[in-house]
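Asker: So here's my_file19.tsv, just TSV, C-alpha atoms and all ligand atoms:
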```tsv
chain	number	residue	atom	x	y	z
A	25	MET	CA	0.00	0.00	0.00
A	26	TYR	CA	2.73	2.50	0.95
A	27	LEU	CA	4.46	1.83	-2.41
A	28	ALA	CA	1.25	2.91	-4.18
A	29	VAL	CA	1.74	6.36	-2.63
A	30	LEU	CA	5.55	6.46	-2.57
A	31	LEU	CA	6.27	5.57	-6.23
A	32	PRO	CA	3.80	8.02	-7.87
A	33	SER	CA	5.08	10.69	-5.43
A	34	LEU	CA	8.67	10.13	-6.63
A	35	LEU	CA	7.44	10.42	-10.24
A	36	ALA	CA	5.54	13.62	-9.36
A	37	LEU	CA	8.69	15.07	-7.73
A	38	PHE	CA	10.62	14.27	-10.91
A	39	ALA	CA	7.91	16.03	-12.97
A	40	LEU	CA	8.10	19.02	-10.61
A	41	TYR	CA	11.89	19.10	-11.08
A	42	LYS	CA	11.55	18.90	-14.88
A	43	ASN	CA	9.00	21.74	-14.70
A	44	LYS	CA	6.84	20.14	-17.41
A	45	MET	CA	3.43	20.48	-15.81
A	46	THR	CA	1.20	23.14	-14.32
A	47	LEU	CA	0.46	22.61	-10.61
A	48	PRO	CA	-3.16	21.37	-11.16
A	49	GLY	CA	-1.86	19.07	-13.93
A	50	LEU	CA	0.79	17.69	-11.58
A	51	LEU	CA	-1.73	17.08	-8.78
A	52	ALA	CA	-4.12	15.28	-11.17
A	53	ALA	CA	-1.31	13.10	-12.54
A	54	TRP	CA	-0.09	12.29	-9.01
A	55	LEU	CA	-3.59	11.23	-7.86
A	56	MET	CA	-4.21	9.11	-10.97
A	57	GLY	CA	-0.75	7.57	-10.50
A	58	ILE	CA	-1.68	6.52	-6.95
A	59	VAL	CA	-4.98	5.01	-8.13
A	60	ILE	CA	-3.23	3.11	-10.97
A	61	THR	CA	-0.49	1.74	-8.69
A	62	PHE	CA	-2.90	0.84	-5.88
A	63	CYS	CA	-5.41	-0.89	-8.20
A	64	GLY	CA	-3.07	-2.32	-10.84
A	65	GLY	CA	0.18	-2.95	-8.97
A	66	LEU	CA	3.84	-2.38	-9.77
A	67	TYR	CA	3.87	-3.25	-13.47
A	68	PRO	CA	1.11	-0.79	-14.45
A	69	PHE	CA	3.10	1.83	-12.50
A	70	PHE	CA	6.19	0.95	-14.58
A	71	ALA	CA	4.11	1.39	-17.75
A	72	LEU	CA	2.91	4.81	-16.53
A	73	ALA	CA	6.43	5.91	-15.52
A	74	THR	CA	7.92	4.67	-18.83
A	75	THR	CA	5.28	6.53	-20.83
A	76	PHE	CA	5.89	9.69	-18.80
A	77	ILE	CA	9.69	9.59	-19.15
A	78	LEU	CA	9.57	8.80	-22.89
A	79	THR	CA	7.08	11.67	-23.35
A	80	ILE	CA	9.58	14.07	-21.74
A	81	ILE	CA	12.36	12.76	-24.00
A	82	SER	CA	10.03	13.15	-27.02
A	83	ASP	CA	9.43	16.78	-26.08
A	84	HIS	CA	13.15	17.37	-26.53
A	85	LEU	CA	13.09	15.75	-30.00
A	86	LYS	CA	10.14	17.81	-31.18
A	87	LYS	CA	11.06	21.24	-32.40
A	88	LYS	CA	8.42	23.39	-30.80
A	89	ASP	CA	7.93	27.15	-30.95
A	90	LYS	CA	7.66	27.30	-27.19
A	91	ASP	CA	8.04	24.76	-24.43
A	92	GLU	CA	4.49	24.37	-23.15
A	93	LYS	CA	3.64	22.94	-19.76
A	94	ARG	CA	1.08	20.17	-19.58
A	95	THR	CA	-2.23	21.26	-18.10
A	96	ILE	CA	-4.82	19.44	-16.02
A	97	TYR	CA	-6.96	18.99	-19.19
A	98	GLN	CA	-4.07	17.26	-20.94
A	99	MET	CA	-3.49	14.98	-17.95
A	100	PHE	CA	-7.16	13.97	-17.73
A	101	SER	CA	-7.56	13.45	-21.49
A	102	ASN	CA	-4.47	11.22	-21.58
A	103	VAL	CA	-4.58	9.32	-18.27
A	104	LEU	CA	-8.24	9.12	-17.18
A	105	THR	CA	-9.24	6.22	-19.49
A	106	CYS	CA	-6.38	3.93	-18.41
A	107	THR	CA	-7.02	4.90	-14.76
A	108	LEU	CA	-10.59	3.66	-15.24
A	109	CYS	CA	-9.21	0.34	-16.61
A	110	SER	CA	-7.08	-0.15	-13.49
A	111	VAL	CA	-10.09	0.54	-11.23
A	112	LEU	CA	-12.19	-1.99	-13.20
A	113	TYR	CA	-9.34	-4.50	-12.85
A	114	TYR	CA	-9.27	-3.96	-9.08
A	115	ILE	CA	-13.04	-4.38	-8.71
A	116	LYS	CA	-13.50	-7.31	-11.11
A	117	GLN	CA	-10.09	-9.01	-10.59
A	118	ASN	CA	-10.24	-9.95	-14.29
A	119	ASP	CA	-7.03	-9.81	-16.37
A	120	MET	CA	-8.88	-8.50	-19.42
A	121	PHE	CA	-9.05	-5.06	-17.82
A	122	LEU	CA	-5.29	-5.17	-17.31
A	123	VAL	CA	-4.82	-5.89	-21.04
A	124	MET	CA	-7.18	-2.95	-21.75
A	125	PHE	CA	-5.09	-0.75	-19.42
A	126	TYR	CA	-1.88	-1.55	-21.34
A	127	SER	CA	-3.65	-1.16	-24.70
A	128	VAL	CA	-4.91	2.33	-23.81
A	129	ILE	CA	-1.64	3.58	-22.30
A	130	GLY	CA	0.27	1.86	-25.14
A	131	GLY	CA	-1.85	3.84	-27.62
A	132	SER	CA	-0.90	7.07	-25.83
A	133	LEU	CA	2.81	6.24	-25.89
A	134	ALA	CA	2.59	5.04	-29.53
A	135	ASP	CA	0.98	8.35	-30.52
A	136	THR	CA	3.59	10.37	-28.62
A	137	LEU	CA	6.48	8.48	-30.25
A	138	ALA	CA	4.82	8.56	-33.70
A	139	SER	CA	4.41	12.33	-33.63
A	140	SER	CA	7.83	13.19	-32.17
A	141	ILE	CA	9.94	10.67	-34.12
A	142	GLY	CA	7.65	11.04	-37.16
A	143	SER	CA	8.40	14.79	-37.17
A	144	LEU	CA	12.04	13.87	-37.88
A	145	ALA	CA	11.03	11.86	-40.97
A	146	LYS	CA	12.76	12.93	-44.17
A	147	GLY	CA	10.30	11.05	-46.39
A	148	LYS	CA	6.81	12.17	-47.31
A	149	ASN	CA	3.94	12.53	-44.87
A	150	ILE	CA	0.57	11.23	-46.02
A	151	ASP	CA	-3.10	11.53	-45.10
A	152	PRO	CA	-4.13	8.50	-42.94
A	153	LEU	CA	-7.28	7.77	-45.00
A	154	THR	CA	-6.67	8.93	-48.59
A	155	PHE	CA	-2.86	8.44	-48.55
A	156	ARG	CA	-2.51	11.79	-50.35
A	157	LYS	CA	0.53	13.86	-49.57
A	158	MET	CA	0.18	16.16	-46.55
A	159	LYS	CA	2.28	19.00	-45.19
A	160	LYS	CA	4.87	17.95	-42.61
A	161	GLY	CA	3.82	18.58	-39.03
A	162	GLU	CA	0.16	18.99	-39.99
A	163	SER	CA	-2.16	17.30	-37.45
A	164	GLY	CA	-2.92	13.72	-38.50
A	165	ALA	CA	-0.18	13.35	-41.11
A	166	ILE	CA	1.47	9.92	-40.95
A	167	SER	CA	4.86	8.68	-42.10
A	168	SER	CA	6.47	5.23	-42.25
A	169	LEU	CA	8.96	6.33	-39.57
A	170	GLY	CA	6.09	7.49	-37.33
A	171	LEU	CA	4.21	4.22	-37.87
A	172	SER	CA	7.30	2.20	-36.94
A	173	ALA	CA	7.73	4.36	-33.83
A	174	SER	CA	4.11	3.64	-32.82
A	175	VAL	CA	4.75	-0.12	-33.07
A	176	VAL	CA	7.84	0.31	-30.87
A	177	GLY	CA	5.60	2.05	-28.30
A	178	GLY	CA	3.33	-1.02	-28.27
A	179	ILE	CA	6.31	-3.37	-27.98
A	180	ILE	CA	7.62	-1.44	-24.94
A	181	ILE	CA	4.29	-1.29	-23.09
A	182	GLY	CA	3.24	-4.83	-24.04
A	183	GLY	CA	6.68	-6.02	-22.90
A	184	ILE	CA	6.03	-4.63	-19.42
A	185	HIS	CA	2.79	-6.64	-19.23
A	186	TYR	CA	4.64	-9.74	-20.50
A	187	LEU	CA	7.35	-9.32	-17.83
A	188	GLY	CA	4.56	-8.96	-15.26
A	189	GLY	CA	3.25	-12.43	-16.18
A	190	GLY	CA	1.03	-11.67	-19.19
A	191	TRP	CA	0.40	-14.21	-21.94
A	192	ALA	CA	2.14	-13.97	-25.34
A	193	TYR	CA	-1.19	-13.46	-27.19
A	194	GLU	CA	-2.00	-10.58	-24.81
A	195	TYR	CA	1.37	-9.05	-25.72
A	196	LEU	CA	0.36	-9.23	-29.39
A	197	ILE	CA	-3.07	-7.66	-28.70
A	198	ILE	CA	-1.40	-4.76	-26.83
A	199	ILE	CA	1.04	-4.10	-29.71
A	200	ILE	CA	-1.78	-4.09	-32.30
A	201	MET	CA	-4.11	-1.98	-30.10
A	202	SER	CA	-1.33	0.56	-29.41
A	203	ALA	CA	-0.55	1.05	-33.11
A	204	PHE	CA	-4.30	1.14	-33.85
A	205	GLY	CA	-4.78	3.84	-31.18
A	206	SER	CA	-2.03	5.96	-32.70
A	207	TYR	CA	-3.58	5.51	-36.18
A	208	ILE	CA	-7.09	6.46	-34.94
A	209	ASP	CA	-5.53	9.51	-33.28
A	210	SER	CA	-4.07	10.51	-36.66
A	211	VAL	CA	-7.39	10.02	-38.48
A	212	MET	CA	-9.26	12.16	-35.93
A	213	GLY	CA	-6.43	14.70	-35.93
A	214	ALA	CA	-6.67	15.00	-39.71
A	215	TYR	CA	-10.47	15.01	-40.10
A	216	LEU	CA	-12.13	16.15	-36.88
A	217	GLN	CA	-9.62	18.42	-35.13
A	218	GLY	CA	-10.27	22.13	-35.67
A	219	LYS	CA	-7.82	23.87	-38.02
A	220	PHE	CA	-7.83	27.62	-38.20
A	221	LYS	CA	-6.41	30.28	-40.46
A	222	CYS	CA	-4.73	33.36	-39.01
A	223	SER	CA	-5.83	36.53	-40.81
A	224	LYS	CA	-2.56	38.27	-39.89
A	225	CYS	CA	0.23	35.80	-40.77
A	226	ARG	CA	-1.96	33.58	-43.05
A	227	LYS	CA	-0.67	30.45	-41.32
A	228	ILE	CA	-2.88	27.39	-40.72
A	229	VAL	CA	-2.85	26.88	-36.95
A	230	GLU	CA	-4.59	24.79	-34.29
A	231	GLU	CA	-5.33	27.72	-31.98
A	232	GLN	CA	-8.47	29.86	-31.95
A	233	ASN	CA	-6.24	32.89	-31.42
A	234	HIS	CA	-3.02	33.76	-33.26
A	235	CYS	CA	-0.99	36.97	-33.58
A	236	ASN	CA	-3.41	38.46	-31.01
A	237	HIS	CA	-6.26	37.94	-33.47
A	238	LYS	CA	-9.21	35.54	-33.57
A	239	THR	CA	-8.58	32.91	-36.26
A	240	LYS	CA	-11.11	31.52	-38.77
A	241	LEU	CA	-12.19	27.85	-38.75
A	242	ILE	CA	-11.36	26.20	-42.10
A	243	LYS	CA	-11.51	22.46	-41.27
A	244	GLY	CA	-12.89	20.16	-38.58
A	245	PHE	CA	-14.79	21.23	-35.47
A	246	ALA	CA	-13.82	24.25	-33.40
A	247	PHE	CA	-14.27	22.40	-30.07
A	248	MET	CA	-12.06	19.49	-31.20
A	249	ASP	CA	-8.58	20.27	-29.95
A	250	ASN	CA	-5.67	17.87	-29.47
A	251	ASN	CA	-6.83	16.97	-25.93
A	252	THR	CA	-10.31	15.98	-27.13
A	253	VAL	CA	-8.77	13.90	-29.94
A	254	ASN	CA	-6.50	12.10	-27.43
A	255	LEU	CA	-9.41	11.39	-25.07
A	256	LEU	CA	-11.61	10.09	-27.92
A	257	SER	CA	-8.89	7.83	-29.32
A	258	ASN	CA	-8.28	6.44	-25.81
A	259	ILE	CA	-12.01	5.68	-25.56
A	260	VAL	CA	-11.96	3.99	-29.02
A	261	VAL	CA	-9.05	1.75	-27.86
A	262	PHE	CA	-10.90	1.06	-24.57
A	263	ILE	CA	-14.00	-0.16	-26.47
A	264	THR	CA	-12.08	-2.03	-29.21
A	265	SER	CA	-9.78	-3.86	-26.79
A	266	TYR	CA	-12.83	-4.74	-24.64
A	267	ILE	CA	-14.49	-6.34	-27.69
A	268	VAL	CA	-11.26	-8.14	-28.67
A	269	MET	CA	-10.83	-9.53	-25.14
A	270	ILE	CA	-14.45	-10.77	-25.04
A	271	LEU	CA	-14.21	-12.45	-28.46
A	272	ARG	CA	-10.79	-14.03	-27.92
B	301	ZN	ZN	-0.70	34.49	-36.98
```
Could you write out this file's structure as structure tokens?

Answerer:
Amino acid sequence: MYLAVLLPSLLALFALYKNKMTLPGLLAAWLMGIVITFCGGLYPFFALATTFILTIISDHLKKKDKDEKRTIYQMFSNVLTCTLCSVLYYIKQNDMFLVMFYSVIGGSLADTLASSIGSLAKGKNIDPLTFRKMKKGESGAISSLGLSASVVGGIIIGGIHYLGGGWAYEYLIIIIMSAFGSYIDSVMGAYLQGKFKCSKCRKIVEEQNHCNHKTKLIKGFAFMDNNTVNLLSNIVVFITSYIVMILR
């Protein structure tokens, strides 16, 4: 029990030291980390910690305009669904919810790796549904390097479950579900996420305000930002992996 509080606290202290989160975001992540470790055990904590550390490393790879801190909305949209899986596992004591936990968090890591490593791709970026060429860095664009990175994300997270005593077929399900989650994230990023045009600098942006001006919606839905897309793709993986585990 004390480990369930101690380990997420150490991770939260590390996050505080790295200065990557707002205070409410940090508190939310800390609480969800305690719930996950208490309900799921050590291996789910390792999966959470691995995802967190690789996300920080990915931030360094990604060339961003400004180093943004993660907010409480980002923490909830990325961690709430897998927290729910760990609670269901605790209540039902059924391993299928553990596989769902790793599938959902694997999808998050796969998406993080796909977008950061994919942004380094020299080759062409394509639309996830029509396979037409897309601009580099545009939301939803996929590349072969990004796709490979998403599979690596699944291999890492599935490997943690395997080390924790999971079956080989569960390992395979987690790899496929993680890559699928990253792909769904790309499709929703390309087709549903709001894209706006700035009337000042004429750039296509994802913000409703740019250059101190309100931007104009040109694609997708205004309310669909990256957080909503992440939450929805987590929910899609939650449902899909549930169905797969029932039909297996
Ligand atoms: Zn602008």

Asker: Every residue with an atom at most 12 Å from (-6.1, 16.9, -36.7) (file coordinates; only C-alpha atoms) is what I'm after, so could you write them as a ChimeraX atom specification?

Answerer: /A:139,151-152,158,161-166,207-220,228-231,242-254

Asker: Dump the neighbourhood of ligand ZN 301 (chain B) as a list in words: all residues within 6 Å, distances computed on all atoms listed in the file.

Answerer: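 So, counting all atoms listed in the file, the residues near ligand ZN 301 (chain B) are Cys222, Lys224, Cys225, Lys227, His234 and Cys235 of chain A.
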
Asker: Would you write out those residues with C-alpha atoms, as an mmCIF file, in the coordinates of the input?

Answerer:
```cif
data_model
loop_
_atom_site.group_PDB
_atom_site.id
_atom_site.type_symbol
_atom_site.label_atom_id
_atom_site.label_comp_id
_atom_site.auth_asym_id
_atom_site.auth_seq_id
_atom_site.Cartn_x
_atom_site.Cartn_y
_atom_site.Cartn_z
ATOM 1 C CA CYS A 222 -4.730 33.360 -39.010
ATOM 2 C CA LYS A 224 -2.560 38.270 -39.890
ATOM 3 C CA CYS A 225 0.230 35.800 -40.770
ATOM 4 C CA LYS A 227 -0.670 30.450 -41.320
ATOM 5 C CA HIS A 234 -3.020 33.760 -33.260
ATOM 6 C CA CYS A 235 -0.990 36.970 -33.580
#
```

Asker: Looking at A:Val261, A:Met99, A:Gly142, A:Pro68, which one is nearest to A:Tyr186, with distances taken over only C-alpha atoms?

Answerer: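 Nearest to A:Tyr186: A:Pro68.
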
Asker: Extract, using all atoms listed in the file, all DNA, RNA and protein residues at most 10 Å from A:Gly65, discarding same-chain residues fewer than 3 positions from it, and format them as a short mmCIF file (atom, residue, chain, number, x, y, z; two decimals) with C-alpha atoms, in the coordinates of the input.

Answerer:
```
data_model
loop_
_atom_site.label_atom_id
_atom_site.label_comp_id
_atom_site.auth_asym_id
_atom_site.auth_seq_id
_atom_site.Cartn_x
_atom_site.Cartn_y
_atom_site.Cartn_z
CA MET A 25 0.00 0.00 0.00
CA LEU A 27 4.46 1.83 -2.41
CA ALA A 28 1.25 2.91 -4.18
CA ILE A 58 -1.68 6.52 -6.95
CA VAL A 59 -4.98 5.01 -8.13
CA ILE A 60 -3.23 3.11 -10.97
CA THR A 61 -0.49 1.74 -8.69
CA PHE A 62 -2.90 0.84 -5.88
CA PRO A 68 1.11 -0.79 -14.45
CA PHE A 69 3.10 1.83 -12.50
CA PHE A 70 6.19 0.95 -14.58
CA SER A 110 -7.08 -0.15 -13.49
CA TYR A 114 -9.27 -3.96 -9.08
CA GLY A 188 4.56 -8.96 -15.26
#
```

Asker: Compare A:Tyr195, A:Pro32, A:Ser132, A:His84 by their minimum atom-to-atom distance to A:Gly183, counting all atoms listed in the file, and give me the closest one.

Answerer: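 Smallest separation from A:Gly183 among the options: A:Tyr195.
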
Asker: Have a look at A:Leu47, A:Leu108, A:Val128, A:Ile141 and name the one nearest to A:Ile81; count only C-alpha atoms.

Answerer: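 That would be A:Ile141, the residue with the smallest distance to A:Ile81.
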
Asker: Enclose all atoms of stretch 157-166 of chain A listed in the file in an axis-aligned box, grow every side by 3 Å, and hand back centre and edge lengths in Å to one decimal, as AutoDock Vina command-line options.

Answerer:
```
--center_x 1.0 --center_y 14.5 --center_z -43.5 --size_x 13.8 --size_y 15.1 --size_z 18.1
```
